[in-house]
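Below is one structure, written out as structure tokens; comments come after it.
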Amino acid sequence: MSRRIPLWLTLVPLIAAIGLYHLLWQGWARDFDAVVRNWLPATPFEVTGFPYRLEAVVGHPELQGGDVVRLFANAARARINRGPWQDELTLVGADYPRFSAIVGPGLGASFSGKSALTSINVEDGRLVRLSSVIEAANARLGFSPVKIAADSLELHLRERQPDAKAPESATPPPRGQLVISGQRVRFDGGDALTLAADMTVIGSDRLTAYDRWVTTGSIELTRASLADAHGEIATITATIVPLGRRALRFAGSIDTVCPLAVSAAFDGRPAPVEKRLRAPLRLAFEGEPGTMRLAPPPVDLAQRPTRGQLPPCPRLRGTI
């Protein structure tokens, strides 16, 4: 006659597995705790989330760093998450975040918003991808006094590695890429627009030391577009060259169906009432902020065909 195995004995392997996993989770939690305390040494928190995640909820976090490029970030509250075995990927949800990166008065950017969700993927000391979605966003660029507001702003940043098999070129290789998209973007209270931009940072050195990168570095604005509900208003391509730590120099062109509105925005003048052209015009621009020169619209602009069935051009505001 066979003996029945007690029920409690069948649970021993499961209990042992749970105990082993708990010990492993505690080790991952200690490592995560050390990372967060290195970022925020004076901020109290505890790691929770067993068994599925590692999570630290932090009140009023503040982070500062950098030497030439001065970095600052804070928030009313932040939730920092990782998977127990995914130390390369960190998720940060923040309430009322603020972030700035500043080199000098004319070089820098700052962002703030009602909330933000950011994912940071770092492998072997390289930034694979940093993606952030900011709701009710506000932004300022150091080279312009224009206030930028958006219902939603997405930023996607990644470090790029030169192709080892590519032939040598006089042009420095790509070092980074930034992709931006914005919904209902308003420049200085102008009409709401959709923004999409893609830019590549090139240089002889990695983007880990500004003074080394700036000697050969530049930013290629591959394409930036502004559109409203009735179509594209303008597309911009440009090369942006940093002038040491003090300023940027721009050279590029704008293809637009609203040349008078674009010209007025460049000069800080009130936006005129203007019908959209059927075919876009190309206007070249170059110079430094404050002394930027935009080619004037052609003298025969009034004779160009327009789209009379569409609303007039949106109000574009801002000064460069």
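Here, A, B, ... name the chains of the structure tokens in the order displayed, residue numbers run from 1 inside each chain, and ligands are numbered from 1 in the same displayed order.
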message = According to DSSP computed on the backbone, where in range 82-197 of chain A is there strand (DSSP E)? Give the residues as a ChimeraX atom specification.
response = /A:82-83,86-95,98-104,107-112,115-123,126-141,148-159,174-187,193-197
query = Got a sec: who's within 8 Å of Ala75 in chain A, counting only C-alpha atoms, leaving out chain neighbours fewer than 6 positions off, as a list in words?
reply =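 The filter keeps Gly59, His60, Pro61, Glu62, Ala94, Asp95, Tyr96, Pro97 and Arg98 of chain A.
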Once you have the residues from the selection above, write them out as a JSON list (two decimals), in the first residue's frame, restricted to all heavy atoms.
```json
[["chain", "number", "residue", "atom", "x", "y", "z"],
["A", 59, "GLY", "N", 10.39, 62.49, -2.09],
["A", 59, "GLY", "CA", 9.77, 63.80, -2.01],
["A", 59, "GLY", "C", 10.78, 64.91, -2.20],
["A", 59, "GLY", "O", 11.86, 64.88, -1.61],
["A", 60, "HIS", "N", 10.46, 65.86, -3.05],
["A", 60, "HIS", "CA", 11.30, 67.03, -3.31],
["A", 60, "HIS", "C", 12.76, 66.66, -3.64],
["A", 60, "HIS", "O", 13.69, 67.17, -3.02],
["A", 60, "HIS", "CB", 11.26, 68.00, -2.13],
["A", 60, "HIS", "CG", 9.89, 68.50, -1.81],
["A", 60, "HIS", "ND1", 9.24, 69.44, -2.60],
["A", 60, "HIS", "CD2", 9.02, 68.16, -0.82],
["A", 60, "HIS", "CE1", 8.04, 69.66, -2.09],
["A", 60, "HIS", "NE2", 7.88, 68.90, -1.02],
["A", 61, "PRO", "N", 12.96, 65.77, -4.62],
["A", 61, "PRO", "CA", 14.34, 65.45, -5.01],
["A", 61, "PRO", "C", 14.99, 66.63, -5.72],
["A", 61, "PRO", "O", 14.33, 67.40, -6.42],
["A", 61, "PRO", "CB", 14.17, 64.26, -5.95],
["A", 61, "PRO", "CG", 12.83, 64.48, -6.57],
["A", 61, "PRO", "CD", 11.98, 65.08, -5.47],
["A", 62, "GLU", "N", 16.29, 66.76, -5.55],
["A", 62, "GLU", "CA", 17.05, 67.80, -6.24],
["A", 62, "GLU", "C", 18.41, 67.25, -6.63],
["A", 62, "GLU", "O", 19.10, 66.65, -5.80],
["A", 62, "GLU", "CB", 17.22, 69.03, -5.34],
["A", 62, "GLU", "CG", 17.91, 70.19, -6.04],
["A", 62, "GLU", "CD", 17.90, 71.46, -5.20],
["A", 62, "GLU", "OE1", 16.78, 71.93, -4.87],
["A", 62, "GLU", "OE2", 18.99, 71.96, -4.88],
["A", 94, "ALA", "N", 7.77, 61.94, -12.53],
["A", 94, "ALA", "CA", 7.97, 63.12, -11.70],
["A", 94, "ALA", "C", 6.75, 64.04, -11.76],
["A", 94, "ALA", "O", 6.13, 64.20, -12.82],
["A", 94, "ALA", "CB", 9.21, 63.89, -12.14],
["A", 95, "ASP", "N", 6.42, 64.63, -10.61],
["A", 95, "ASP", "CA", 5.36, 65.63, -10.53],
["A", 95, "ASP", "C", 6.01, 67.01, -10.48],
["A", 95, "ASP", "O", 6.92, 67.24, -9.68],
["A", 95, "ASP", "CB", 4.51, 65.41, -9.28],
["A", 95, "ASP", "CG", 3.82, 64.05, -9.29],
["A", 95, "ASP", "OD1", 3.53, 63.54, -10.37],
["A", 95, "ASP", "OD2", 3.59, 63.51, -8.18],
["A", 96, "TYR", "N", 5.56, 67.91, -11.33],
["A", 96, "TYR", "CA", 6.07, 69.28, -11.41],
["A", 96, "TYR", "C", 7.61, 69.29, -11.51],
["A", 96, "TYR", "O", 8.30, 69.88, -10.69],
["A", 96, "TYR", "CB", 5.59, 70.10, -10.22],
["A", 96, "TYR", "CG", 4.08, 70.22, -10.18],
["A", 96, "TYR", "CD1", 3.33, 69.40, -9.34],
["A", 96, "TYR", "CD2", 3.42, 71.11, -11.02],
["A", 96, "TYR", "CE1", 1.93, 69.48, -9.33],
["A", 96, "TYR", "CE2", 2.04, 71.20, -11.01],
["A", 96, "TYR", "CZ", 1.30, 70.38, -10.18],
["A", 96, "TYR", "OH", -0.07, 70.45, -10.18],
["A", 97, "PRO", "N", 8.14, 68.64, -12.55],
["A", 97, "PRO", "CA", 9.59, 68.59, -12.71],
["A", 97, "PRO", "C", 10.13, 69.88, -13.32],
["A", 97, "PRO", "O", 9.44, 70.60, -14.05],
["A", 97, "PRO", "CB", 9.78, 67.42, -13.67],
["A", 97, "PRO", "CG", 8.56, 67.47, -14.54],
["A", 97, "PRO", "CD", 7.43, 67.90, -13.63],
["A", 98, "ARG", "N", 11.39, 70.16, -13.04],
["A", 98, "ARG", "CA", 12.14, 71.23, -13.69],
["A", 98, "ARG", "C", 13.53, 70.70, -14.01],
["A", 98, "ARG", "O", 14.14, 70.00, -13.20],
["A", 98, "ARG", "CB", 12.27, 72.46, -12.78],
["A", 98, "ARG", "CG", 10.96, 73.21, -12.53],
["A", 98, "ARG", "CD", 11.24, 74.54, -11.85],
["A", 98, "ARG", "NE", 11.92, 74.34, -10.59],
["A", 98, "ARG", "CZ", 12.64, 75.29, -9.97],
["A", 98, "ARG", "NH1", 12.79, 76.48, -10.52],
["A", 98, "ARG", "NH2", 13.22, 75.04, -8.80]]
```
Per residue of range 48-166 of chain A within 8 Å of range 182-198 of chain A, record the nearest atom pair and its distance in Å to one decimal, counting only C-alpha atoms, with rows in chain order and ascending residue number, as a tab-separated table.
```
residue	atom	partner	partner_atom	distance
A:Val146	CA	A:Asp188	CA	5.7
A:Lys147	CA	A:Asp188	CA	5.0
A:Ile148	CA	A:Phe187	CA	4.8
A:Ala149	CA	A:Arg186	CA	5.2
A:Ala150	CA	A:Val185	CA	4.2
A:Asp151	CA	A:Arg184	CA	5.6
A:Ser152	CA	A:Gln183	CA	5.2
A:Leu153	CA	A:Gly182	CA	4.4
A:Glu154	CA	A:Gly182	CA	6.2
```
Given the selection you just returned, output its residues as a file containing all heavy atoms, formatted as an mmCIF file, in the first residue's frame.
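out_35.cif, written as the output of this step:
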```
data_model
loop_
_atom_site.group_PDB
_atom_site.id
_atom_site.type_symbol
_atom_site.label_atom_id
_atom_site.label_comp_id
_atom_site.auth_asym_id
_atom_site.auth_seq_id
_atom_site.Cartn_x
_atom_site.Cartn_y
_atom_site.Cartn_z
ATOM 1 N N VAL A 146 12.146 83.808 -26.328
ATOM 2 C CA VAL A 146 10.815 83.282 -26.609
ATOM 3 C C VAL A 146 10.406 82.268 -25.535
ATOM 4 O O VAL A 146 11.176 81.361 -25.189
ATOM 5 C CB VAL A 146 10.769 82.619 -28.000
ATOM 6 C CG1 VAL A 146 9.424 81.919 -28.226
ATOM 7 C CG2 VAL A 146 11.009 83.659 -29.079
ATOM 8 N N LYS A 147 9.181 82.411 -25.021
ATOM 9 C CA LYS A 147 8.615 81.445 -24.087
ATOM 10 C C LYS A 147 7.852 80.392 -24.880
ATOM 11 O O LYS A 147 6.997 80.726 -25.706
ATOM 12 C CB LYS A 147 7.683 82.147 -23.101
ATOM 13 C CG LYS A 147 8.374 83.163 -22.213
ATOM 14 C CD LYS A 147 7.376 83.828 -21.282
ATOM 15 C CE LYS A 147 8.054 84.867 -20.402
ATOM 16 N NZ LYS A 147 7.078 85.545 -19.504
ATOM 17 N N ILE A 148 8.151 79.133 -24.633
ATOM 18 C CA ILE A 148 7.541 78.027 -25.362
ATOM 19 C C ILE A 148 6.657 77.241 -24.407
ATOM 20 O O ILE A 148 7.106 76.834 -23.331
ATOM 21 C CB ILE A 148 8.610 77.103 -25.976
ATOM 22 C CG1 ILE A 148 9.578 77.912 -26.848
ATOM 23 C CG2 ILE A 148 7.966 75.991 -26.791
ATOM 24 C CD1 ILE A 148 10.798 77.129 -27.286
ATOM 25 N N ALA A 149 5.408 77.030 -24.790
ATOM 26 C CA ALA A 149 4.481 76.221 -23.997
ATOM 27 C C ALA A 149 3.894 75.150 -24.908
ATOM 28 O O ALA A 149 3.707 75.367 -26.107
ATOM 29 C CB ALA A 149 3.380 77.080 -23.401
ATOM 30 N N ALA A 150 3.594 73.983 -24.351
ATOM 31 C CA ALA A 150 3.037 72.888 -25.140
ATOM 32 C C ALA A 150 2.158 72.030 -24.245
ATOM 33 O O ALA A 150 2.464 71.832 -23.064
ATOM 34 C CB ALA A 150 4.145 72.036 -25.758
ATOM 35 N N ASP A 151 1.065 71.498 -24.823
ATOM 36 C CA ASP A 151 0.251 70.549 -24.072
ATOM 37 C C ASP A 151 1.055 69.294 -23.754
ATOM 38 O O ASP A 151 0.923 68.718 -22.671
ATOM 39 C CB ASP A 151 -1.000 70.177 -24.869
ATOM 40 C CG ASP A 151 -2.043 71.284 -24.850
ATOM 41 O OD1 ASP A 151 -1.750 72.376 -24.321
ATOM 42 O OD2 ASP A 151 -3.152 71.061 -25.381
ATOM 43 N N SER A 152 1.883 68.874 -24.711
ATOM 44 C CA SER A 152 2.720 67.691 -24.515
ATOM 45 C C SER A 152 4.001 67.862 -25.312
ATOM 46 O O SER A 152 3.966 68.305 -26.465
ATOM 47 C CB SER A 152 1.990 66.424 -24.972
ATOM 48 O OG SER A 152 2.826 65.286 -24.859
ATOM 49 N N LEU A 153 5.132 67.517 -24.689
ATOM 50 C CA LEU A 153 6.433 67.638 -25.337
ATOM 51 C C LEU A 153 7.205 66.344 -25.122
ATOM 52 O O LEU A 153 7.358 65.889 -23.989
ATOM 53 C CB LEU A 153 7.206 68.820 -24.753
ATOM 54 C CG LEU A 153 8.472 69.279 -25.474
ATOM 55 C CD1 LEU A 153 8.140 69.792 -26.868
ATOM 56 C CD2 LEU A 153 9.165 70.368 -24.669
ATOM 57 N N GLU A 154 7.682 65.748 -26.217
ATOM 58 C CA GLU A 154 8.457 64.510 -26.149
ATOM 59 C C GLU A 154 9.892 64.782 -26.578
ATOM 60 O O GLU A 154 10.124 65.426 -27.607
ATOM 61 C CB GLU A 154 7.863 63.429 -27.052
ATOM 62 C CG GLU A 154 6.509 62.921 -26.619
ATOM 63 C CD GLU A 154 6.070 61.717 -27.431
ATOM 64 O OE1 GLU A 154 6.960 60.994 -27.935
ATOM 65 O OE2 GLU A 154 4.857 61.508 -27.571
#
```
inquiry  = At a cut-off of 8 Å, using only C-alpha atoms, what residues contact Val241 in chain A? Leave out same-chain residues fewer than 5 positions from it and give the result as a PyMOL selection string.
reply    = chain A and resi 217-219+248-250
Can I get the selected residues back with N, CA, C and O atoms, as a PDB file, in the first residue's frame?
```
ATOM      1  N   GLY A 217      32.914  70.337 -32.909  1.00  0.00           N
ATOM      2  CA  GLY A 217      31.513  69.935 -32.872  1.00  0.00           C
ATOM      3  C   GLY A 217      30.562  70.914 -33.534  1.00  0.00           C
ATOM      4  O   GLY A 217      30.842  72.113 -33.675  1.00  0.00           O
ATOM      5  N   SER A 218      29.434  70.391 -33.970  1.00  0.00           N
ATOM      6  CA  SER A 218      28.336  71.195 -34.497  1.00  0.00           C
ATOM      7  C   SER A 218      27.056  70.382 -34.365  1.00  0.00           C
ATOM      8  O   SER A 218      27.082  69.195 -34.028  1.00  0.00           O
ATOM      9  N   ILE A 219      25.933  71.035 -34.622  1.00  0.00           N
ATOM     10  CA  ILE A 219      24.627  70.384 -34.564  1.00  0.00           C
ATOM     11  C   ILE A 219      23.972  70.536 -35.923  1.00  0.00           C
ATOM     12  O   ILE A 219      23.840  71.657 -36.431  1.00  0.00           O
ATOM     13  N   LEU A 248      25.869  80.649 -30.192  1.00  0.00           N
ATOM     14  CA  LEU A 248      25.696  79.731 -31.312  1.00  0.00           C
ATOM     15  C   LEU A 248      25.606  80.542 -32.600  1.00  0.00           C
ATOM     16  O   LEU A 248      25.107  81.670 -32.606  1.00  0.00           O
ATOM     17  N   ARG A 249      26.077  79.961 -33.679  1.00  0.00           N
ATOM     18  CA  ARG A 249      25.931  80.580 -34.996  1.00  0.00           C
ATOM     19  C   ARG A 249      25.091  79.655 -35.863  1.00  0.00           C
ATOM     20  O   ARG A 249      25.343  78.453 -35.926  1.00  0.00           O
ATOM     21  N   PHE A 250      24.082  80.228 -36.538  1.00  0.00           N
ATOM     22  CA  PHE A 250      23.135  79.469 -37.344  1.00  0.00           C
ATOM     23  C   PHE A 250      23.341  79.774 -38.825  1.00  0.00           C
ATOM     24  O   PHE A 250      23.625  80.907 -39.203  1.00  0.00           O
TER      25      PHE A 250
END
```
message = Could you check the closest approach to Asp205 in chain A for each of A:Asp267, A:Glu159, A:Glu123, A:Asp228 and tell me which residue wins, using only C-alpha atoms?
response = A:Glu159
task = Give me the residues within 10 Å of range 172-181 of chain A as a ChimeraX atom specification, counting only C-alpha atoms and dropping any in the same chain fewer than 3 places off.
result = /A:127-133,152-163,166,168-169,185,194-207,213,216-221,223-225
